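The data block below is structure_21.cif; it holds mmCIF, C-alpha atoms and all ligand atoms.
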```cif
data_upload
#
loop_
_atom_site.label_atom_id
_atom_site.label_comp_id
_atom_site.auth_asym_id
_atom_site.auth_seq_id
_atom_site.Cartn_x
_atom_site.Cartn_y
_atom_site.Cartn_z
CA MET L 177 245.74 119.54 -12.52
CA ALA L 178 248.47 117.43 -14.06
CA ILE L 179 250.73 114.47 -13.35
CA THR L 180 254.13 115.72 -12.17
CA GLU L 181 256.04 112.54 -11.38
CA VAL L 182 255.79 108.76 -11.28
CA LYS L 183 257.84 107.45 -8.37
CA VAL L 184 258.84 103.83 -8.92
CA ILE L 185 259.45 101.96 -5.67
CA LEU L 186 261.11 98.53 -5.73
CA THR L 187 260.99 96.94 -2.30
CA CYS L 188 261.29 93.54 -0.63
CA PRO L 189 259.46 93.52 2.73
CA GLY L 190 259.31 89.69 2.59
CA ARG L 191 259.02 89.40 -1.20
CA ASN L 192 259.69 91.81 -4.07
CA TYR L 193 257.09 94.36 -5.15
CA THR L 194 257.14 96.94 -7.96
CA LEU L 195 255.10 99.89 -6.68
CA VAL L 196 254.31 103.36 -7.97
CA LYS L 197 253.17 106.67 -6.58
CA VAL L 198 251.72 108.91 -9.30
CA MET L 199 252.10 112.50 -8.08
CA THR L 200 250.06 115.53 -9.20
CA ASP L 201 250.68 119.26 -8.95
CA GLN L 202 247.88 119.63 -6.37
CA GLY L 203 249.43 117.30 -3.83
CA VAL L 204 246.96 114.41 -4.40
CA TYR L 205 248.75 111.21 -5.37
CA GLY L 206 247.75 107.66 -6.21
CA VAL L 207 249.37 104.27 -5.53
CA GLY L 208 249.67 101.27 -7.85
CA ASP L 209 251.39 97.88 -8.13
CA GLY L 210 252.92 96.26 -11.25
CA THR L 211 254.65 93.27 -9.65
CA ILE L 212 255.45 90.28 -11.87
CA ASN L 213 257.03 87.40 -9.98
CA GLY L 214 260.75 87.23 -10.79
CA ASN L 215 260.54 90.26 -13.11
CA GLU L 216 259.99 93.06 -10.61
CA ALA L 217 263.06 95.04 -11.71
CA THR L 218 262.15 94.70 -15.40
CA VAL L 219 258.70 96.21 -14.81
CA ALA L 220 260.33 98.99 -12.76
CA GLN L 221 262.60 99.80 -15.71
CA MET L 222 259.59 99.88 -18.07
CA LEU L 223 257.73 102.17 -15.66
CA SER L 224 260.63 104.61 -15.46
CA HIS L 225 260.76 104.66 -19.25
CA VAL L 226 257.03 105.20 -20.00
CA SER L 227 256.48 107.65 -17.16
CA GLU L 228 257.97 110.39 -19.31
CA LEU L 229 254.97 110.09 -21.62
CA ILE L 230 252.43 111.00 -18.98
CA ILE L 231 254.16 113.83 -17.11
CA GLY L 232 252.02 116.94 -17.65
CA HIS L 233 249.01 114.84 -18.70
CA ASP L 234 245.60 115.42 -17.08
CA GLU L 235 245.36 112.62 -14.51
CA ASP L 236 241.55 112.50 -14.86
CA ARG L 237 241.78 111.04 -18.37
CA ILE L 238 242.33 107.45 -17.32
CA GLY L 239 241.09 105.82 -20.54
CA ASP L 240 243.15 108.10 -22.73
CA ILE L 241 246.30 107.60 -20.66
CA TRP L 242 245.72 103.83 -20.95
CA GLN L 243 245.54 104.09 -24.74
CA LEU L 244 248.62 106.32 -24.82
CA LEU L 245 250.64 103.87 -22.72
CA PHE L 246 249.50 100.95 -24.88
CA HIS L 247 249.92 102.55 -28.30
CA TRP L 248 252.93 104.88 -27.92
CA GLY L 249 255.21 102.54 -29.79
CA TYR L 250 255.10 99.81 -32.33
CA TRP L 251 256.06 97.29 -29.58
CA ARG L 252 253.23 96.61 -27.18
CA ASN L 253 251.40 93.97 -25.20
CA GLY L 254 253.04 91.19 -23.18
CA PRO L 255 253.29 90.91 -19.42
CA ILE L 256 255.87 93.64 -18.76
CA PHE L 257 254.02 96.36 -20.72
CA ARG L 258 250.69 95.29 -19.28
CA ALA L 259 251.92 95.28 -15.67
CA ALA L 260 253.48 98.74 -16.08
CA ILE L 261 250.19 100.08 -17.46
CA ALA L 262 248.33 98.36 -14.61
CA ALA L 263 250.42 100.08 -11.94
CA ILE L 264 249.70 103.51 -13.42
CA ASP L 265 246.02 102.72 -14.08
CA MET L 266 245.46 101.70 -10.44
CA ALA L 267 247.14 104.89 -9.24
CA LEU L 268 244.93 107.02 -11.52
CA TRP L 269 241.76 105.36 -10.18
CA ASP L 270 243.12 105.93 -6.68
CA ILE L 271 243.60 109.64 -7.44
CA LYS L 272 240.13 109.94 -8.94
CA GLY L 273 238.60 108.31 -5.87
CA LYS L 274 240.51 110.60 -3.52
CA LYS L 275 239.35 113.65 -5.48
CA ALA L 276 235.75 112.43 -5.44
CA GLY L 277 235.93 111.41 -1.77
CA MET L 278 234.76 107.91 -2.72
CA PRO L 279 236.24 104.41 -2.73
CA VAL L 280 237.16 103.16 -6.21
CA TYR L 281 234.40 100.53 -6.21
CA GLN L 282 231.84 103.36 -5.95
CA LEU L 283 233.30 105.02 -9.05
CA LEU L 284 232.95 101.67 -10.88
CA GLY L 285 229.21 101.62 -10.24
CA GLY L 286 228.95 100.54 -6.62
CA ARG L 287 228.47 97.25 -4.86
CA ALA L 288 226.74 94.33 -6.52
CA ARG L 289 227.46 92.20 -3.43
CA GLU L 290 228.62 92.77 0.15
CA GLY L 291 231.92 90.92 -0.06
CA ALA L 292 233.87 88.74 -2.49
CA MET L 293 234.00 85.02 -1.68
CA VAL L 294 237.63 83.91 -1.42
CA TYR L 295 239.56 80.65 -1.52
CA GLY L 296 242.72 79.74 0.40
CA HIS L 297 245.51 77.22 -0.34
CA ALA L 298 245.57 73.86 1.44
CA HIS L 299 248.24 71.24 0.86
CA GLY L 300 249.98 68.37 2.64
CA ARG L 301 252.20 65.36 2.09
CA ASP L 302 249.35 62.84 2.45
CA HIS L 303 245.55 62.82 2.46
CA ALA L 304 245.24 63.34 6.21
CA GLU L 305 247.55 66.36 6.12
CA VAL L 306 245.60 67.92 3.25
CA GLU L 307 242.37 67.27 5.15
CA ASP L 308 243.76 69.00 8.27
CA SER L 309 244.87 71.91 6.15
CA VAL L 310 241.42 72.20 4.47
CA ARG L 311 239.73 72.03 7.89
CA SER L 312 241.94 74.82 9.23
CA PHE L 313 240.56 77.06 6.49
CA ILE L 314 236.96 76.01 7.16
CA GLU L 315 237.46 76.82 10.86
CA ARG L 316 238.56 80.31 9.85
CA GLY L 317 235.35 80.82 7.89
CA TYR L 318 236.50 79.99 4.35
CA LYS L 319 233.75 78.71 2.06
CA ALA L 320 236.20 77.52 -0.63
CA VAL L 321 239.63 75.88 -0.44
CA ARG L 322 242.16 74.83 -3.07
CA ALA L 323 243.64 71.40 -2.29
CA GLN L 324 247.02 70.21 -3.60
CA PRO L 325 248.78 66.90 -2.89
CA GLY L 326 252.21 68.41 -2.11
CA PRO L 327 253.46 71.29 -4.24
CA TYR L 328 252.46 71.87 -7.90
CA GLY L 329 253.09 68.57 -9.66
CA GLY L 330 252.11 66.45 -6.67
CA ALA L 331 253.70 64.90 -3.65
CA GLY L 332 256.31 63.08 -5.78
CA MET L 333 257.80 66.37 -6.86
CA LEU L 334 259.54 66.88 -3.58
CA SER L 335 263.01 66.19 -4.97
CA ARG L 336 264.54 69.59 -5.53
CA LYS L 337 268.07 70.35 -6.64
CA PRO L 338 269.59 73.68 -5.64
CA GLY L 339 270.75 76.09 -8.37
CA ARG L 340 274.23 75.75 -9.89
CA ARG L 341 275.37 78.71 -7.82
CA GLU L 342 273.97 80.69 -4.92
CA GLY L 343 271.21 82.96 -6.23
CA LEU L 344 270.20 80.78 -9.22
CA PRO L 345 266.83 78.99 -9.32
CA PRO L 346 266.48 75.45 -7.92
CA THR L 347 265.15 72.64 -10.14
CA ASP L 348 262.06 70.53 -9.43
CA TYR L 349 261.53 67.17 -11.14
CA PHE L 350 258.12 66.26 -12.55
CA GLU L 351 256.52 63.23 -14.22
CA PRO L 352 252.88 63.62 -15.30
CA GLU L 353 251.50 60.12 -14.69
CA PRO L 354 252.27 59.80 -10.96
CA TYR L 355 250.83 63.29 -10.46
CA MET L 356 247.67 62.52 -12.46
CA ARG L 357 247.09 59.34 -10.43
CA GLN L 358 247.22 61.27 -7.13
CA VAL L 359 244.55 63.85 -7.74
CA ALA L 360 241.23 61.95 -7.97
CA PRO L 361 242.01 59.78 -4.88
CA LEU L 362 242.72 62.97 -2.90
CA PHE L 363 239.35 64.50 -3.85
CA ASP L 364 237.60 61.19 -3.23
CA TYR L 365 239.08 61.23 0.29
CA LEU L 366 238.20 64.89 0.87
CA ARG L 367 234.60 64.54 -0.31
CA ASN L 368 234.23 61.49 1.99
CA THR L 369 235.70 63.25 5.02
CA ILE L 370 234.73 66.88 4.53
CA GLY L 371 231.63 66.43 2.39
CA PHE L 372 230.29 68.59 -0.40
CA ASP L 373 229.41 71.78 1.52
CA THR L 374 232.84 73.39 1.09
CA HIS L 375 233.86 74.39 -2.43
CA LEU L 376 237.06 72.59 -3.45
CA LEU L 377 239.45 73.69 -6.20
CA HIS L 378 242.67 72.34 -7.69
CA ASP L 379 245.53 73.97 -9.65
CA VAL L 380 247.32 71.90 -12.32
CA HIS L 381 249.75 74.77 -12.95
CA GLU L 382 249.85 74.13 -16.71
CA GLN L 383 251.69 70.83 -16.27
CA LEU L 384 249.71 68.63 -18.70
CA THR L 385 249.05 68.02 -22.38
CA PRO L 386 245.44 68.22 -23.67
CA ILE L 387 244.83 64.46 -23.56
CA GLN L 388 246.29 64.20 -20.04
CA ALA L 389 244.24 67.18 -18.89
CA ALA L 390 241.08 65.67 -20.42
CA TRP L 391 241.71 62.44 -18.51
CA LEU L 392 242.33 64.32 -15.26
CA ALA L 393 239.27 66.56 -15.61
CA GLN L 394 237.06 63.55 -16.38
CA SER L 395 238.44 61.67 -13.35
CA LEU L 396 237.35 64.60 -11.15
CA ASP L 397 233.80 65.04 -12.45
CA GLU L 398 232.09 63.19 -9.62
CA TYR L 399 233.81 65.34 -6.95
CA MET L 400 232.15 68.54 -8.21
CA LEU L 401 235.11 70.93 -8.04
CA PHE L 402 234.41 74.66 -8.03
CA PHE L 403 237.05 74.80 -10.74
CA LEU L 404 240.09 72.99 -12.11
CA GLU L 405 242.73 75.59 -12.78
CA ASP L 406 245.29 76.02 -15.55
CA CYS L 407 245.25 72.47 -16.84
CA LEU L 408 246.89 73.65 -20.11
CA ARG L 409 249.48 76.20 -21.09
CA PRO L 410 247.85 79.29 -22.58
CA GLU L 411 249.92 78.82 -25.73
CA TYR L 412 247.68 75.87 -26.67
CA LEU L 413 244.16 77.07 -26.01
CA GLU L 414 242.59 74.82 -28.70
CA GLY L 415 243.29 71.91 -26.33
CA PHE L 416 240.35 73.06 -24.21
CA ARG L 417 238.01 71.66 -26.86
CA LEU L 418 239.19 68.15 -26.06
CA ILE L 419 238.81 68.66 -22.30
CA ARG L 420 235.29 70.06 -22.73
CA GLU L 421 234.22 67.06 -24.81
CA LYS L 422 235.24 64.70 -22.03
CA SER L 423 234.38 66.46 -18.78
CA ASN L 424 231.83 68.60 -16.91
CA THR L 425 234.37 69.96 -14.41
CA PRO L 426 234.39 73.79 -14.52
CA LEU L 427 237.65 75.12 -15.92
CA ALA L 428 239.69 78.22 -15.06
CA ILE L 429 242.64 79.67 -16.93
CA GLY L 430 244.46 82.91 -17.53
CA GLU L 431 247.12 83.76 -14.95
CA ILE L 432 249.52 84.51 -17.78
CA ILE L 433 247.07 85.57 -20.49
CA HIS L 434 247.39 89.32 -20.99
CA SER L 435 245.43 90.44 -24.01
CA ARG L 436 241.66 90.50 -24.36
CA GLU L 437 241.93 89.12 -27.89
CA GLN L 438 243.35 85.82 -26.60
CA TRP L 439 240.06 85.15 -24.78
CA ILE L 440 237.68 85.54 -27.71
CA MET L 441 237.78 81.94 -28.96
CA LEU L 442 237.52 80.56 -25.40
CA PHE L 443 234.50 82.77 -24.66
CA ARG L 444 232.70 82.25 -27.95
CA GLU L 445 233.02 78.47 -27.79
CA GLN L 446 232.40 78.51 -24.01
CA LEU L 447 235.50 76.40 -23.42
CA ILE L 448 236.22 77.75 -19.93
CA ASP L 449 234.23 79.00 -16.94
CA TYR L 450 236.51 81.28 -14.88
CA ILE L 451 239.01 84.02 -15.77
CA ARG L 452 242.19 83.96 -13.65
CA THR L 453 243.66 87.16 -15.12
CA PRO L 454 243.81 89.81 -12.37
CA PRO L 455 243.84 93.59 -13.02
CA ILE L 456 247.54 93.85 -12.05
CA HIS L 457 248.72 91.72 -14.99
CA ILE L 458 246.55 93.02 -17.84
CA GLY L 459 246.55 96.79 -17.59
CA GLY L 460 244.70 97.47 -14.37
CA ILE L 461 241.14 98.14 -13.34
CA THR L 462 240.18 99.72 -16.68
CA GLU L 463 241.07 96.58 -18.63
CA ALA L 464 239.69 94.12 -16.05
CA ILE L 465 236.24 95.72 -16.24
CA LYS L 466 236.31 95.48 -20.06
CA LEU L 467 237.42 91.83 -19.99
CA CYS L 468 234.71 90.82 -17.52
CA THR L 469 232.09 92.69 -19.56
CA LEU L 470 233.20 90.73 -22.63
CA ALA L 471 232.80 87.46 -20.68
CA GLU L 472 229.40 88.31 -19.20
CA PRO L 473 227.09 87.24 -22.09
CA TYR L 474 228.84 83.84 -22.14
CA GLN L 475 228.17 83.35 -18.41
CA ILE L 476 231.90 83.15 -17.77
CA LYS L 477 232.95 84.54 -14.39
CA SER L 478 235.93 86.06 -12.66
CA GLY L 479 238.29 84.03 -10.48
CA PHE L 480 241.22 86.43 -10.20
CA HIS L 481 244.72 85.21 -9.43
CA GLY L 482 245.62 86.37 -5.92
CA ALA L 483 248.85 84.69 -4.80
CA GLY L 484 251.39 86.53 -2.63
CA ASP L 485 253.16 88.07 -5.62
CA ILE L 486 249.99 90.08 -6.22
CA GLY L 487 250.63 92.48 -3.37
CA PRO L 488 248.11 94.36 -1.23
CA ILE L 489 247.53 97.08 -3.84
CA GLY L 490 247.05 94.57 -6.67
CA GLN L 491 244.71 92.65 -4.37
CA ALA L 492 242.74 95.84 -3.60
CA ALA L 493 242.35 96.52 -7.33
CA SER L 494 240.97 92.98 -7.76
CA VAL L 495 238.55 93.29 -4.85
CA SER L 496 237.30 96.68 -6.14
CA VAL L 497 236.32 94.92 -9.39
CA ASP L 498 235.05 91.77 -7.60
CA VAL L 499 232.38 93.59 -5.61
CA VAL L 500 231.06 95.51 -8.63
CA ILE L 501 230.81 93.19 -11.64
CA PRO L 502 227.71 91.03 -12.18
CA ASN L 503 229.80 88.01 -13.21
CA PHE L 504 232.01 87.70 -10.14
CA GLY L 505 232.95 84.07 -9.36
CA ILE L 506 235.58 83.82 -6.65
CA GLN L 507 238.76 85.57 -5.47
CA GLU L 508 242.01 83.76 -4.63
CA TRP L 509 243.19 85.00 -1.26
CA VAL L 510 246.39 85.30 0.76
CA GLY L 511 246.97 87.45 3.84
CA PHE L 512 250.08 89.62 4.13
CA SER L 513 252.70 89.75 6.90
CA ASP L 514 252.80 92.66 9.37
CA GLN L 515 256.03 93.82 7.71
CA ILE L 516 254.34 94.06 4.28
CA ARG L 517 251.31 95.79 5.83
CA GLU L 518 253.56 98.38 7.43
CA VAL L 519 255.17 99.28 4.10
CA ILE L 520 251.85 99.12 2.20
CA THR L 521 249.05 100.26 4.48
CA GLY L 522 245.28 99.87 4.07
CA ALA L 523 245.09 96.31 2.70
CA CYS L 524 241.62 94.80 2.19
CA GLU L 525 240.16 92.80 5.08
CA MET L 526 238.87 89.25 4.84
CA ARG L 527 236.16 88.15 7.28
CA ASP L 528 234.37 84.80 7.41
CA GLY L 529 235.46 83.83 3.89
CA TYR L 530 234.66 87.15 2.16
CA ALA L 531 237.01 89.99 1.17
CA TYR L 532 235.95 93.60 1.60
CA PRO L 533 237.33 96.71 -0.07
CA ASN L 534 238.71 99.52 2.03
CA GLU L 535 236.00 102.19 2.53
CA ALA L 536 238.45 105.15 2.48
CA PRO L 537 238.55 107.33 -0.68
CA GLY L 538 240.40 105.84 -3.66
CA LEU L 539 241.96 102.47 -2.85
CA GLY L 540 242.40 103.69 0.73
CA MET L 541 246.06 102.70 0.74
CA ASP L 542 249.51 104.25 1.07
CA ILE L 543 253.18 103.32 0.63
CA ASP L 544 255.68 104.25 3.37
CA GLU L 545 258.63 105.12 1.13
CA GLU L 546 261.16 105.42 3.96
CA LEU L 547 260.28 102.03 5.31
CA ALA L 548 260.20 100.52 1.79
CA ALA L 549 263.80 101.72 1.31
CA LYS L 550 264.85 99.71 4.37
CA TYR L 551 263.89 96.50 2.50
CA PRO L 552 265.87 96.67 -0.75
CA TYR L 553 265.00 94.56 -3.80
CA LYS L 554 266.62 91.10 -3.91
CA PRO L 555 266.72 89.22 -7.25
CA ALA L 556 264.62 86.05 -6.94
CA TRP L 557 263.52 83.25 -9.30
CA MET L 558 260.74 80.72 -9.62
CA PRO L 559 262.00 77.09 -9.67
CA LEU L 560 262.87 75.40 -12.97
CA VAL L 561 260.99 72.21 -13.86
CA ARG L 562 262.61 69.22 -15.59
CA ARG L 563 261.58 65.62 -16.29
CA ILE L 564 263.51 63.01 -14.36
CA ASP L 565 265.77 62.28 -17.37
CA GLY L 566 266.87 65.93 -17.25
CA THR L 567 264.74 67.27 -20.16
CA MET L 568 263.29 70.75 -19.56
CA HIS L 569 259.60 70.14 -18.89
CA VAL L 570 257.64 70.85 -22.05
CA TYR L 571 253.98 70.78 -21.23
C1 LIG Y 601 248.15 80.47 -8.08
C2 LIG Y 601 249.37 80.54 -8.93
C3 LIG Y 601 250.61 80.89 -8.23
C4 LIG Y 601 251.67 81.25 -9.26
C5 LIG Y 601 252.49 82.39 -8.83
C6 LIG Y 601 253.36 82.83 -9.98
O1 LIG Y 601 247.23 79.82 -8.51
O2 LIG Y 601 248.14 81.09 -7.03
O3 LIG Y 601 249.46 79.53 -9.86
O4 LIG Y 601 251.04 79.95 -7.33
O5 LIG Y 601 252.50 80.20 -9.56
O6 LIG Y 601 251.65 83.41 -8.38
O7 LIG Y 601 253.83 84.06 -9.82
MG MG Y 602 247.50 79.01 -10.40
#
```
Please rewrite the model in this file as structure tokens.
Ligand code: GCO
Ligand code: MG
Amino acid sequence: MAITEVKVILTCPGRNYTLVKVMTDQGVYGVGDGTINGNEATVAQMLSHVSELIIGHDEDRIGDIWQLLFHWGYWRNGPIFRAAIAAIDMALWDIKGKKAGMPVYQLLGGRAREGAMVYGHAHGRDHAEVEDSVRSFIERGYKAVRAQPGPYGGAGMLSRKPGRREGLPPTDYFEPEPYMRQVAPLFDYLRNTIGFDTHLLHDVHEQLTPIQAAWLAQSLDEYMLFFLEDCLRPEYLEGFRLIREKSNTPLAIGEIIHSREQWIMLFREQLIDYIRTPPIHIGGITEAIKLCTLAEPYQIKSGFHGAGDIGPIGQAASVSVDVVIPNFGIQEWVGFSDQIREVITGACEMRDGYAYPNEAPGLGMDIDEELAAKYPYKPAWMPLVRRIDGTMHVY
């Protein structure tokens, strides 16, 4: 058998996704997702380019195809390359599972747990609204909830200026001190009202400097967060040493870390506790298993990124890894609209706070290409962030 074609499908059934179908000469095909928020068309272009390299290749040789896609040129690594490899890698695991008549998680060694504990996103303009939002998750069975005062950057960040022209990104305005002062009082309120039985998390979204992050983490120690996420930009990983000296709050990072090598110092010095990097952004299931194995002796666990831009197939790849690895921590969770679930069928289910992989062979999913074509790609941007004096936010 051999790969005959890689179909690249850009679609927007509510938000943009970069999907693939890897076709073989025996009719079996696999599906994958390489979406990167705001860069969906760029990944699609990369996929069309590298697909040539794997046409005619034996689709069973997943590890070798991974190496080929990574090492074919002098230029490598970075989010676009990694996401393109991830889309193909997922599709190859899907094909292998279909051929074996087994779900992908079985091929990876089988279940280490029944389901993967997930967390949802609560937010609100004031403490009472955040509390209501957290409670609505608890009522739906969630064991863990992320709580944000307003959007990233805090409730004071509500001023938003539209882009210079239609179609350009809006600008949000951020000042660190008012944000930093909001967080501990929110968690003090939540622990007093909701108690300690629900895991609580918070995402800083890389907005702070090391000394600010150290102050924030220390101010949260007594509220026993499950983790404090992305308190530094991944360009300045040494800053974690300062945070660790000051605080016992568990730390998560990695949404935009792509290469395994970037983790080595963090693992060896045990500067973090949870890995945010999901399979979709680092080269797929093959790479995610290797990364988690590298973290295991340091007792560092997974906490894969799972926002809406990681579509149902990317989510399924994450959950397949989540239920297998010994060092699973938590899975970020969003549900998808009916429209998305019609275009991409077979999404994982979440029940009572735990996500479950599809039991059908492979990833158990499909892409309705005709329907996908009815929702064409629309260029979209994440907001810009500036300080109130107009400076681009350098954090
Ligand atoms: C999260 C993330 C997201 C990202 C988004 C970027 O923790 O879920 O930080 O909100 O900003 O997925 O593409
Ligand atoms: Mg985040």
At most 8 Å is the cut-off: for each residue in segment 480-500 of chain L with any atom that close to an atom of segment 461-476 of chain L, write down the nearest atom pair and the distance in Å rounded to one decimal, counting only C-alpha atoms, chain first then increasing number, as a tab-separated table.
```
residue	atom	partner	partner_atom	distance
L:Ala493	CA	L:Ile461	CA	6.3
L:Ser494	CA	L:Ile461	CA	7.6
L:Val497	CA	L:Ile465	CA	6.9
```
- Item | Selection: 9 Å around segment 243-256 of chain L, all atoms listed in the file, excl. self and same-chain fewer than 5 positions, as an NGL selection string | :L and (210 or 212 or 215 or 218-219 or 222 or 226-227 or 229-230 or 238 or 261 or 432-435 or 457-459)
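Between ligand MG 602 (chain Y) and the residues L:Glu508, L:Glu535, L:Glu414, L:Asp379, the shortest atom-to-atom distance, using all atoms listed in the file, involves L:Asp379.
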- Item | Among the residues L:Gln507, L:Ser335, L:Ser423, L:Thr374, the one that comes closest to ligand LIG 601 (chain Y) [using only C-alpha atoms and all ligand atoms] | L:Gln507
- Cut-off 6 Å, only C-alpha atoms and all ligand atoms, neighbours of ligand LIG 601 (chain Y) as a ChimeraX atom specification: /L:213,381,481-483,485
Once all heavy atoms are restored for segment 480-487 of chain L, what would the output be as a short mmCIF file (atom, residue, chain, number, x, y, z; two decimals), in the frame of the given file?
```
data_model
loop_
_atom_site.label_atom_id
_atom_site.label_comp_id
_atom_site.auth_asym_id
_atom_site.auth_seq_id
_atom_site.Cartn_x
_atom_site.Cartn_y
_atom_site.Cartn_z
N PHE L 480 239.91 85.77 -10.05
CA PHE L 480 241.22 86.43 -10.20
C PHE L 480 242.33 85.77 -9.39
O PHE L 480 242.15 85.46 -8.20
CB PHE L 480 241.14 87.90 -9.80
CG PHE L 480 240.28 88.76 -10.70
CD1 PHE L 480 239.69 89.92 -10.19
CD2 PHE L 480 240.08 88.46 -12.04
CE1 PHE L 480 238.90 90.74 -10.99
CE2 PHE L 480 239.31 89.27 -12.85
CZ PHE L 480 238.71 90.41 -12.33
N HIS L 481 243.46 85.64 -10.05
CA HIS L 481 244.72 85.21 -9.43
C HIS L 481 245.02 86.13 -8.25
O HIS L 481 244.97 87.35 -8.39
CB HIS L 481 245.80 85.34 -10.51
CG HIS L 481 247.15 84.86 -10.12
ND1 HIS L 481 248.26 85.13 -10.91
CD2 HIS L 481 247.61 84.12 -9.09
CE1 HIS L 481 249.32 84.59 -10.36
NE2 HIS L 481 248.97 83.96 -9.27
N GLY L 482 245.36 85.53 -7.10
CA GLY L 482 245.62 86.37 -5.92
C GLY L 482 246.67 85.76 -5.02
O GLY L 482 246.53 85.77 -3.80
N ALA L 483 247.76 85.23 -5.61
CA ALA L 483 248.85 84.69 -4.80
C ALA L 483 249.63 85.85 -4.17
O ALA L 483 249.35 87.02 -4.44
CB ALA L 483 249.75 83.84 -5.69
N GLY L 484 250.65 85.52 -3.38
CA GLY L 484 251.39 86.53 -2.63
C GLY L 484 252.11 87.53 -3.50
O GLY L 484 252.39 88.67 -3.07
N ASP L 485 252.45 87.13 -4.75
CA ASP L 485 253.16 88.07 -5.62
C ASP L 485 252.22 89.18 -6.11
O ASP L 485 252.69 90.20 -6.63
CB ASP L 485 253.84 87.36 -6.80
CG ASP L 485 253.02 86.23 -7.42
OD1 ASP L 485 252.53 85.38 -6.67
OD2 ASP L 485 252.88 86.23 -8.64
N ILE L 486 250.93 88.98 -5.95
CA ILE L 486 249.99 90.08 -6.22
C ILE L 486 249.83 90.77 -4.88
O ILE L 486 249.12 90.29 -3.99
CB ILE L 486 248.66 89.53 -6.78
CG1 ILE L 486 248.95 89.02 -8.18
CG2 ILE L 486 247.58 90.60 -6.81
CD1 ILE L 486 248.44 87.71 -8.47
N GLY L 487 250.53 91.86 -4.69
CA GLY L 487 250.63 92.48 -3.37
C GLY L 487 249.33 93.12 -2.94
O GLY L 487 248.30 93.05 -3.63
#
```
